Amino acid sequence: MAVATKLSARRLTLDPLTADDLEDVFQIARERESIEDFQHAADSSEEVRAWLAPSLENPLNLVWVIRKGGKAIGLFDLCFEAEYSDVKDHVCRVGYFVDHREQRQGFATEALAAVTAWVFDETDTVRIEAGVTLRNEASSRTLEKVGFVREKVVEANWTWRGAVYDSAYYYLSKDLYRS
């Protein structure tokens, strides 16, 4: 069983989520611009606690707080289940968000690269999956920079605040990552 451990990137640390982090996460998650493709914007710290509680208790979910200079700037979620494929074993899915005031600086790419390396080095995972709405071009670029490949597009499968969006699904296999 994998356990989230502290990870380091060039400018960031990723610390395993604790209950003490929930208020910091709420301060980011309440901003629609920060969280739009990941979840709905949070209206209260209790709401953030409710959506993160399973991650604090479920060993299949690992969650890290993304920190820059010790300050929380985002969240990274990993679940040892497929995002969209029929793969049953040795697969995980990832999702992340970064405070909108810290976006477009490469922090999501650094966090994704650190978690990807950890997953392939420390677990028996051979495939990582991720999904993004087609309009989230920045997240698509982040995935592609780390080596993820767009595998398919699904129309009208994501509803957020009353609007319906198309999604792109990406994967990275251990074989592709190592080449």
# chains A, B, ... in the order shown; residues from 1 in each chain; ligands from 1
>>> select_by_dssp(residues="stretch 77-132 of chain A", states="alpha helix (DSSP H)", output="PyMOL selection string")
chain A and resi 107-122
>>> closest_atom_pairs(of="stretch 46-156 of chain A", to="stretch 6-18 of chain A", cutoff="8 Å", atoms="only C-alpha atoms", output="JSON lines")
{"residue": "A:Leu56", "atom": "CA", "partner": "A:Thr18", "partner_atom": "CA", "distance": 7.1}
{"residue": "A:Leu62", "atom": "CA", "partner": "A:Pro16", "partner_atom": "CA", "distance": 7.6}
{"residue": "A:Val63", "atom": "CA", "partner": "A:Leu17", "partner_atom": "CA", "distance": 5.5}
{"residue": "A:Trp64", "atom": "CA", "partner": "A:Pro16", "partner_atom": "CA", "distance": 4.3}
{"residue": "A:Val65", "atom": "CA", "partner": "A:Asp15", "partner_atom": "CA", "distance": 5.2}
{"residue": "A:Ile66", "atom": "CA", "partner": "A:Leu14", "partner_atom": "CA", "distance": 4.7}
{"residue": "A:Arg67", "atom": "CA", "partner": "A:Thr13", "partner_atom": "CA", "distance": 5.3}
{"residue": "A:Lys68", "atom": "CA", "partner": "A:Leu12", "partner_atom": "CA", "distance": 4.9}
{"residue": "A:Gly69", "atom": "CA", "partner": "A:Leu12", "partner_atom": "CA", "distance": 7.1}
{"residue": "A:Gly70", "atom": "CA", "partner": "A:Thr13", "partner_atom": "CA", "distance": 7.8}
{"residue": "A:Phe107", "atom": "CA", "partner": "A:Leu12", "partner_atom": "CA", "distance": 7.5}
{"residue": "A:Glu110", "atom": "CA", "partner": "A:Ala9", "partner_atom": "CA", "distance": 6.0}
{"residue": "A:Ala111", "atom": "CA", "partner": "A:Ala9", "partner_atom": "CA", "distance": 6.8}
{"residue": "A:Ala114", "atom": "CA", "partner": "A:Ala9", "partner_atom": "CA", "distance": 6.0}
{"residue": "A:Val115", "atom": "CA", "partner": "A:Leu7", "partner_atom": "CA", "distance": 7.6}
>>> closest_residue(among="A:Ala138, A:Val25, A:Ala82, A:Ala156", to="A:Val126", atoms="only C-alpha atoms")
A:Ala82
>>> select_by_dssp(residues="stretch 17-175 of chain A", states="strand (DSSP E)", output="PyMOL selection string")
chain A and resi 61-68+71-79+91-98+127-133+149-160+163-173
>>> closest_residue(among="A:Asp121, A:Asp175, A:Glu129, A:Glu23", to="A:Asp77", atoms="only C-alpha atoms")
A:Glu129
>>> closest_residue(among="A:Ala4, A:Glu83, A:Ala29, A:Arg141", to="A:Ser55", atoms="only C-alpha atoms")
A:Ala4
>>> closest_residue(among="A:Val154, A:Val146, A:Ala53, A:Ala2", to="A:Tyr177", atoms="only C-alpha atoms")
A:Val146
>>> residues_around(residues="stretch 161-167 of chain A", least_positions_apart="2", cutoff="7 Å", atoms="only C-alpha atoms", output="number ranges by chain")
A: 131-134, 153-159, 169
>>> closest_residue(among="A:Ser45, A:Arg127, A:Ala168, A:Ala19", to="A:Asp86", atoms="only C-alpha atoms")
A:Arg127
>>> closest_residue(among="A:Ala50, A:Val98, A:Ser173, A:Arg178", to="A:Thr142", atoms="only C-alpha atoms")
A:Val98
